[in-house]
>>> print(open('final03.cif').read())   # mmCIF, C-alpha atoms
data_my_file
#
loop_
_atom_site.label_atom_id
_atom_site.label_comp_id
_atom_site.auth_asym_id
_atom_site.auth_seq_id
_atom_site.Cartn_x
_atom_site.Cartn_y
_atom_site.Cartn_z
CA MET A 127 67.23 -17.93 -118.00
CA PRO A 128 70.89 -18.99 -117.71
CA PRO A 129 72.32 -18.69 -114.18
CA ASN A 130 75.50 -16.97 -115.36
CA TRP A 131 75.59 -13.33 -116.41
CA THR A 132 78.41 -11.29 -117.90
CA TYR A 133 78.35 -7.54 -118.40
CA VAL A 134 79.22 -6.55 -121.97
CA ASP A 135 80.30 -3.02 -122.84
CA ARG A 136 80.44 -2.37 -126.55
CA ALA A 137 80.19 0.67 -128.76
CA PRO A 138 76.84 1.51 -130.38
CA ASP A 139 76.26 0.28 -133.91
CA SER A 140 77.24 3.44 -135.79
CA VAL A 141 76.05 2.08 -139.14
CA SER A 142 72.55 1.42 -137.80
CA GLU A 143 72.49 4.81 -136.08
CA GLN A 144 73.29 6.53 -139.37
CA ARG A 145 70.62 4.54 -141.24
CA VAL A 146 68.00 5.64 -138.73
CA ALA A 147 69.13 9.25 -138.98
CA ASP A 148 68.93 9.04 -142.78
CA VAL A 149 65.38 7.67 -142.61
CA PHE A 150 64.19 10.60 -140.51
CA SER A 151 66.04 13.14 -142.67
CA ARG A 152 64.53 11.82 -145.89
CA LEU A 153 61.02 11.69 -144.47
CA VAL A 154 61.27 15.24 -143.14
CA ALA A 155 62.49 16.39 -146.55
CA LEU A 156 59.33 15.19 -148.32
CA ASP A 157 57.27 17.97 -149.88
CA PRO A 158 54.15 18.56 -147.73
CA GLU A 159 52.50 20.27 -150.70
CA LYS A 160 52.56 16.98 -152.62
CA PRO A 161 51.23 14.37 -150.18
CA THR A 162 52.01 10.77 -151.00
CA ARG A 163 49.19 8.24 -151.04
CA PHE A 164 49.56 4.61 -150.09
CA ARG A 165 47.30 1.58 -150.04
CA PHE A 166 47.81 -2.05 -149.17
CA ALA A 167 49.04 -4.33 -151.92
CA ASP A 168 46.55 -7.07 -152.75
CA ASP A 169 48.17 -9.74 -150.56
CA ALA A 170 48.68 -7.23 -147.75
CA GLN A 171 45.02 -6.20 -148.00
CA GLU A 172 43.99 -9.85 -147.68
CA LEU A 173 46.10 -10.18 -144.54
CA PHE A 174 44.60 -6.99 -143.11
CA VAL A 175 41.03 -8.19 -143.68
CA ASP A 176 41.76 -11.48 -141.91
CA TRP A 177 43.50 -9.67 -139.06
CA LEU A 178 40.68 -7.13 -138.68
CA THR A 179 38.04 -9.87 -138.72
CA GLN A 180 39.72 -11.55 -135.77
CA LEU A 181 40.06 -8.24 -133.92
CA GLU A 182 36.38 -7.37 -134.39
CA ALA A 183 35.39 -10.78 -133.04
CA LYS A 184 37.36 -10.00 -129.88
CA VAL A 185 36.06 -6.48 -129.26
CA ARG A 186 32.45 -7.40 -130.06
CA GLY A 187 32.43 -10.46 -127.82
CA ASP A 188 31.56 -10.60 -124.13
CA GLU A 189 34.68 -12.31 -122.78
CA LEU A 190 36.96 -9.29 -122.33
CA HIS A 191 36.85 -6.52 -119.75
CA PRO A 192 35.42 -3.23 -121.12
CA ALA A 193 38.73 -1.44 -120.45
CA LEU A 194 40.62 -3.98 -122.54
CA ILE A 195 37.98 -3.84 -125.28
CA SER A 196 38.38 -0.06 -125.45
CA HIS A 197 42.14 -0.49 -125.72
CA LEU A 198 42.03 -3.13 -128.44
CA ALA A 199 39.48 -1.17 -130.46
CA LYS A 200 42.23 1.38 -131.13
CA TYR A 201 44.21 -1.30 -132.97
CA ARG A 202 41.87 -0.81 -135.95
CA ARG A 203 43.96 2.25 -136.77
CA LEU A 204 47.19 1.17 -135.10
CA MET A 205 47.91 -1.80 -137.37
CA PRO A 206 47.64 0.02 -140.75
CA SER A 207 49.47 3.04 -139.30
CA LEU A 208 52.35 0.84 -138.19
CA ALA A 209 52.37 -0.93 -141.55
CA LEU A 210 52.69 2.41 -143.36
CA LEU A 211 55.45 3.64 -141.06
CA LEU A 212 57.38 0.41 -141.51
CA GLU A 213 56.97 0.64 -145.28
CA LEU A 214 58.21 4.24 -145.31
CA ALA A 215 61.20 3.30 -143.19
CA GLU A 216 61.99 0.41 -145.53
CA LEU A 217 61.78 2.59 -148.62
CA THR A 218 63.75 5.54 -147.30
CA SER A 219 66.49 3.38 -145.81
CA SER A 220 67.54 2.29 -149.29
CA VAL A 221 70.76 3.84 -150.55
CA GLY A 222 70.09 7.01 -152.46
CA SER A 223 66.38 7.07 -151.61
CA ASP A 224 64.59 10.39 -151.51
CA GLY A 225 61.14 11.78 -152.12
CA SER A 226 61.37 11.04 -155.82
CA LEU A 227 60.81 7.33 -155.21
CA PHE A 228 57.16 8.05 -154.34
CA THR A 229 54.55 8.58 -157.03
CA ASP A 230 51.19 10.28 -156.75
CA MET A 231 49.10 7.32 -157.77
CA GLN A 232 50.48 3.86 -156.99
CA ASN A 233 52.35 3.42 -153.73
CA PHE A 234 51.78 0.15 -151.93
CA VAL A 235 52.25 -1.11 -148.41
CA THR A 236 53.74 -4.55 -148.94
CA LEU A 237 52.82 -7.85 -147.34
CA LYS A 238 56.11 -7.79 -145.44
CA SER A 239 55.25 -4.50 -143.73
CA ALA A 240 51.70 -5.66 -143.00
CA GLN A 241 53.03 -8.85 -141.40
CA ARG A 242 55.45 -6.86 -139.27
CA ALA A 243 52.67 -4.52 -138.14
CA ALA A 244 50.40 -7.44 -137.25
CA GLY A 245 53.26 -8.97 -135.28
CA TRP A 246 53.76 -5.74 -133.37
CA CYS A 247 50.06 -5.60 -132.53
CA GLU A 248 50.15 -9.17 -131.29
CA TYR A 249 53.12 -8.32 -129.08
CA LEU A 250 51.44 -5.19 -127.72
CA GLU A 251 48.20 -7.07 -127.09
CA SER A 252 50.02 -9.67 -124.98
CA HIS A 253 51.30 -6.89 -122.74
CA ALA A 254 47.89 -5.20 -122.66
CA HIS A 255 46.35 -8.39 -121.27
CA ARG A 256 48.92 -8.35 -118.45
CA VAL A 257 48.33 -4.67 -117.70
CA TYR A 258 44.54 -4.82 -117.71
CA SER A 259 44.41 -8.03 -115.70
CA CYS A 260 44.99 -5.88 -112.62
CA VAL A 261 41.62 -4.15 -113.09
CA MET A 262 39.77 -7.43 -112.79
CA SER A 263 39.34 -6.92 -109.07
CA PRO A 264 37.13 -9.13 -106.89
CA GLN A 265 34.44 -6.46 -107.26
CA LEU A 266 34.48 -6.71 -111.05
CA ARG A 267 34.60 -10.48 -111.01
CA ALA A 268 31.59 -10.46 -108.68
CA ALA A 269 29.82 -8.00 -110.99
CA LYS A 270 30.41 -10.28 -113.96
CA GLU A 271 29.05 -13.22 -111.97
CA LEU A 272 25.96 -11.25 -110.93
CA ALA A 273 25.46 -10.15 -114.53
CA GLU A 274 25.43 -13.77 -115.65
CA LYS A 275 22.87 -14.70 -112.98
CA ILE A 276 20.64 -11.83 -114.08
CA LYS A 277 20.91 -12.78 -117.76
CA GLN A 278 20.01 -16.37 -116.88
CA ARG A 279 17.06 -15.08 -114.78
CA LYS A 280 18.38 -16.89 -111.73
CA VAL A 281 17.82 -13.66 -109.85
CA GLY A 282 15.49 -10.74 -110.57
CA ALA A 283 13.41 -12.76 -113.02
CA ASP A 284 10.39 -10.56 -112.23
CA GLY A 285 12.45 -7.41 -112.81
CA VAL A 286 13.37 -6.68 -109.18
CA PHE A 287 15.73 -8.29 -106.69
CA SER A 288 17.32 -7.51 -103.33
CA CYS A 289 20.81 -8.06 -101.98
CA ARG A 290 19.36 -10.74 -99.73
CA ASP A 291 17.95 -12.60 -102.72
CA VAL A 292 21.47 -12.91 -104.05
CA TYR A 293 23.71 -13.65 -101.07
CA LEU A 294 21.38 -16.32 -99.68
CA LYS A 295 22.07 -18.31 -102.85
CA GLY A 296 25.67 -18.77 -101.69
CA TRP A 297 27.16 -18.15 -105.13
CA THR A 298 30.94 -17.80 -105.24
CA GLY A 299 31.95 -14.18 -104.79
CA LEU A 300 28.37 -13.16 -104.01
CA ASP A 301 27.87 -14.84 -100.65
CA THR A 302 27.94 -11.73 -98.43
CA PRO A 303 25.81 -8.55 -98.42
CA GLU A 304 28.93 -6.46 -98.93
CA ALA A 305 30.05 -8.42 -101.99
CA VAL A 306 26.60 -8.14 -103.58
CA LYS A 307 26.42 -4.40 -102.94
CA MET A 308 29.83 -3.82 -104.56
CA ALA A 309 28.86 -5.95 -107.56
CA ALA A 310 25.58 -4.07 -107.86
CA GLU A 311 27.41 -0.73 -107.91
CA VAL A 312 29.37 -1.84 -110.97
CA LEU A 313 26.26 -3.04 -112.79
CA GLU A 314 24.42 0.14 -111.89
CA ASP A 315 27.23 2.21 -113.42
CA ALA A 316 27.03 0.01 -116.53
CA GLY A 317 23.29 0.57 -116.85
CA TRP A 318 22.19 -2.98 -116.07
CA ILE A 319 20.26 -2.13 -112.92
CA ARG A 320 19.21 0.81 -110.80
CA GLU A 321 18.74 0.98 -107.09
CA LEU A 322 15.22 1.51 -105.80
CA ARG A 323 15.20 4.20 -103.14
CA ASN A 324 12.75 5.18 -100.42
CA GLU A 325 10.23 2.47 -101.22
CA SER A 326 8.74 2.74 -97.72
CA GLY A 327 8.60 6.54 -97.78
CA SER A 328 10.39 6.77 -94.42
CA SER A 329 13.30 8.82 -95.64
CA VAL A 330 13.91 10.68 -98.88
CA GLY A 331 16.56 9.01 -101.01
CA ARG A 332 17.22 6.24 -98.49
CA PRO A 333 18.72 3.12 -100.17
CA SER A 334 16.60 -0.02 -99.95
CA ASN A 335 19.16 -2.57 -101.16
CA ARG A 336 16.65 -3.49 -103.83
CA TYR A 337 17.34 -3.15 -107.54
CA GLU A 338 15.34 -2.94 -110.73
CA VAL A 339 16.70 -4.77 -113.77
CA ASN A 340 16.92 -2.99 -117.10
CA PRO A 341 14.66 -4.99 -119.49
CA LYS A 342 17.18 -4.44 -122.28
CA VAL A 343 19.48 -6.91 -120.51
CA TRP A 344 17.20 -9.74 -121.58
CA ALA A 345 16.88 -8.34 -125.08
CA GLY A 346 20.45 -9.31 -125.87
CA THR A 347 22.26 -6.19 -124.61
CA THR A 348 25.57 -6.82 -122.83
CA VAL A 349 27.05 -5.02 -119.85
CA ASP A 350 29.68 -3.48 -122.13
CA GLU A 351 27.02 -1.63 -124.10
CA GLU A 352 25.73 0.31 -121.09
CA PRO A 353 21.96 0.15 -121.69
CA ASP A 354 19.92 3.13 -120.56
CA VAL A 355 17.87 2.54 -117.40
CA SER A 356 15.89 5.77 -117.45
#
>>> encode(input="final03.cif", output="structure tokens")
Amino acid sequence: MPPNWTYVDRAPDSVSEQRVADVFSRLVALDPEKPTRFRFADDAQELFVDWLTQLEAKVRGDELHPALISHLAKYRRLMPSLALLLELAELTSSVGSDGSLFTDMQNFVTLKSAQRAAGWCEYLESHAHRVYSCVMSPQLRAAKELAEKIKQRKVGADGVFSCRDVYLKGWTGLDTPEAVKMAAEVLEDAGWIRELRNESGSSVGRPSNRYEVNPKVWAGTTVDEEPDVS
């Protein structure tokens, strides 16, 4: 950014303020007993289908953190909702606009509003990536690494593995007993594995640091789908 900065004090844009106030007033004045129906115009519908196809590829893939996937999945409704709101604002901001400009049958969300909504979603997604990057802690990165090793049958190929089996491999992020245990906790919560307890019978419920792999993992199930271990 430029090194020089100058404080500017100017009056608010009164014309824009009034236009916004008019938009809200006209929308509030619409008759709730006669709801208005909208649908995408043909070109806007085409844009939405392309946009949704890309979104579904993201949320159904295995590259994003589950928290971010859950967040982005809400965009399925966010984008068309924003498009409708932008279209309503555009219509009601016209001079002399009121509820009479809407018909019962053919009201369309235009390509312009759909493009604006898609742009907003892209902007919000960029910030979401920054926010959710903080949850990718060393523990979660280690869990993702352990998950990959399990899927590739580099550990637990016979259905059972121990912490020692993992950390002796010297894999990055999984080279200590503590790191493996923390990674295993995440995968256990996700339904990938379950800890075997009291194998020796010496103490009820005593952890053994040995884990059983959910067979569904090798059947194509991902950690984000939380397979059932029971």
>>> residues_around(input="final03.cif", residues="Lys184 of chain A", least_positions_apart="5", cutoff="8 Å", atoms="only C-alpha atoms", output="mmCIF file with C-alpha atoms, keeping the file's coordinate frame")
data_model
loop_
_atom_site.group_PDB
_atom_site.id
_atom_site.type_symbol
_atom_site.label_atom_id
_atom_site.label_comp_id
_atom_site.auth_asym_id
_atom_site.auth_seq_id
_atom_site.Cartn_x
_atom_site.Cartn_y
_atom_site.Cartn_z
ATOM 1 C CA GLU A 189 34.680 -12.310 -122.780
ATOM 2 C CA LEU A 190 36.960 -9.290 -122.330
ATOM 3 C CA ILE A 195 37.980 -3.840 -125.280
#
>>> resolve_selection(input="final03.cif", expression="the PyMOL selection byres ((chain A and resi 219) around 8)", output="number ranges by chain")
A: 145-146, 148-149, 215-218, 220-221, 223
>>> closest_residue(input="final03.cif", among="A:Val257, A:Leu156, A:Ala240, A:Val339", to="Ala170 of chain A", atoms="all atoms listed in the file")
A:Ala240
>>> atom_distance(input="final03.cif", atom1="atom CA of Pro303 of chain A", atom2="atom CA of Pro341 of chain A")
24.1 Å
>>> axis_aligned_box(input="final03.cif", around="segment 252-270 of chain A", padding_each_side="8 Å", output="lines of an AutoDock Vina configuration file")
center_x = 40.6
center_y = -7.3
center_z = -115.9
size_x = 37.5
size_y = 22.3
size_z = 34.1
>>> resolve_selection(input="final03.cif", expression="the PyMOL selection byres ((chain A and resi 236) around 12)", output="PyMOL selection string")
chain A and resi 164-174+206+209-214+216-217+233-235+237-243
>>> closest_residue(input="final03.cif", among="A:Asp301, A:Lys295, A:Ile276, A:Leu198", to="Leu250 of chain A", atoms="only C-alpha atoms")
A:Leu198
>>> closest_residue(input="final03.cif", among="A:Pro138, A:Ser151, A:Lys280, A:Leu266", to="Asp315 of chain A", atoms="all atoms listed in the file")
A:Leu266
>>> residues_around(input="final03.cif", residues="Lys277 of chain A", least_positions_apart="4", cutoff="9 Å", atoms="all atoms listed in the file", output="ChimeraX atom specification")
/A:272-273,281,283,343-344,346
>>> write_last_selection(input="final03.cif", atoms="C-alpha atoms", output="mmCIF file, keeping the file's coordinate frame")
data_model
loop_
_atom_site.group_PDB
_atom_site.id
_atom_site.type_symbol
_atom_site.label_atom_id
_atom_site.label_comp_id
_atom_site.auth_asym_id
_atom_site.auth_seq_id
_atom_site.Cartn_x
_atom_site.Cartn_y
_atom_site.Cartn_z
ATOM 1 C CA LEU A 272 25.960 -11.250 -110.930
ATOM 2 C CA ALA A 273 25.460 -10.150 -114.530
ATOM 3 C CA VAL A 281 17.820 -13.660 -109.850
ATOM 4 C CA ALA A 283 13.410 -12.760 -113.020
ATOM 5 C CA VAL A 343 19.480 -6.910 -120.510
ATOM 6 C CA TRP A 344 17.200 -9.740 -121.580
ATOM 7 C CA GLY A 346 20.450 -9.310 -125.870
#
>>> build_atoms(input="final03.cif", residues="segment 286-309 of chain A", atoms="N, CA and C atoms", output="compact mmCIF listing (two decimals), keeping the file's coordinate frame")
# COMPACT_ATOMS: atom_id res chain seq x y z
N VAL A 286 12.89 -7.31 -110.42
CA VAL A 286 13.37 -6.68 -109.18
C VAL A 286 14.03 -7.75 -108.31
N PHE A 287 15.11 -7.37 -107.64
CA PHE A 287 15.73 -8.29 -106.69
C PHE A 287 16.38 -7.49 -105.57
N SER A 288 16.67 -8.15 -104.47
CA SER A 288 17.32 -7.51 -103.33
C SER A 288 18.69 -8.16 -103.11
N CYS A 289 19.52 -7.49 -102.34
CA CYS A 289 20.81 -8.06 -101.98
C CYS A 289 20.62 -9.42 -101.31
N ARG A 290 19.62 -9.50 -100.46
CA ARG A 290 19.36 -10.74 -99.73
C ARG A 290 19.03 -11.88 -100.67
N ASP A 291 18.29 -11.57 -101.74
CA ASP A 291 17.95 -12.60 -102.72
C ASP A 291 19.19 -13.23 -103.31
N VAL A 292 20.24 -12.44 -103.40
CA VAL A 292 21.47 -12.91 -104.05
C VAL A 292 22.36 -13.66 -103.06
N TYR A 293 22.70 -13.02 -101.93
CA TYR A 293 23.71 -13.65 -101.07
C TYR A 293 23.21 -14.92 -100.39
N LEU A 294 21.90 -15.07 -100.26
CA LEU A 294 21.38 -16.32 -99.68
C LEU A 294 21.56 -17.51 -100.63
N LYS A 295 21.83 -17.23 -101.90
CA LYS A 295 22.07 -18.31 -102.85
C LYS A 295 23.43 -18.97 -102.61
N GLY A 296 24.34 -18.22 -101.98
CA GLY A 296 25.67 -18.77 -101.69
C GLY A 296 26.58 -18.88 -102.89
N TRP A 297 26.32 -18.09 -103.94
CA TRP A 297 27.16 -18.15 -105.13
C TRP A 297 28.56 -17.63 -104.83
N THR A 298 29.56 -18.21 -105.45
CA THR A 298 30.94 -17.80 -105.24
C THR A 298 31.14 -16.32 -105.56
N GLY A 299 31.71 -15.60 -104.61
CA GLY A 299 31.95 -14.18 -104.79
C GLY A 299 30.75 -13.30 -104.51
N LEU A 300 29.60 -13.93 -104.27
CA LEU A 300 28.37 -13.16 -104.01
C LEU A 300 27.67 -13.69 -102.76
N ASP A 301 28.45 -14.17 -101.81
CA ASP A 301 27.87 -14.84 -100.65
C ASP A 301 27.83 -13.97 -99.39
N THR A 302 28.07 -12.66 -99.56
CA THR A 302 27.94 -11.73 -98.43
C THR A 302 27.20 -10.48 -98.92
N PRO A 303 26.50 -9.78 -98.01
CA PRO A 303 25.81 -8.55 -98.42
C PRO A 303 26.76 -7.52 -99.01
N GLU A 304 27.96 -7.44 -98.44
CA GLU A 304 28.93 -6.46 -98.93
C GLU A 304 29.37 -6.75 -100.36
N ALA A 305 29.61 -8.04 -100.64
CA ALA A 305 30.05 -8.42 -101.99
C ALA A 305 28.96 -8.13 -103.01
N VAL A 306 27.71 -8.39 -102.66
CA VAL A 306 26.60 -8.14 -103.58
C VAL A 306 26.43 -6.65 -103.82
N LYS A 307 26.56 -5.85 -102.78
CA LYS A 307 26.42 -4.40 -102.94
C LYS A 307 27.50 -3.84 -103.86
N MET A 308 28.74 -4.31 -103.70
CA MET A 308 29.83 -3.82 -104.56
C MET A 308 29.61 -4.24 -106.01
N ALA A 309 29.15 -5.48 -106.21
CA ALA A 309 28.86 -5.95 -107.56
C ALA A 309 27.73 -5.14 -108.18
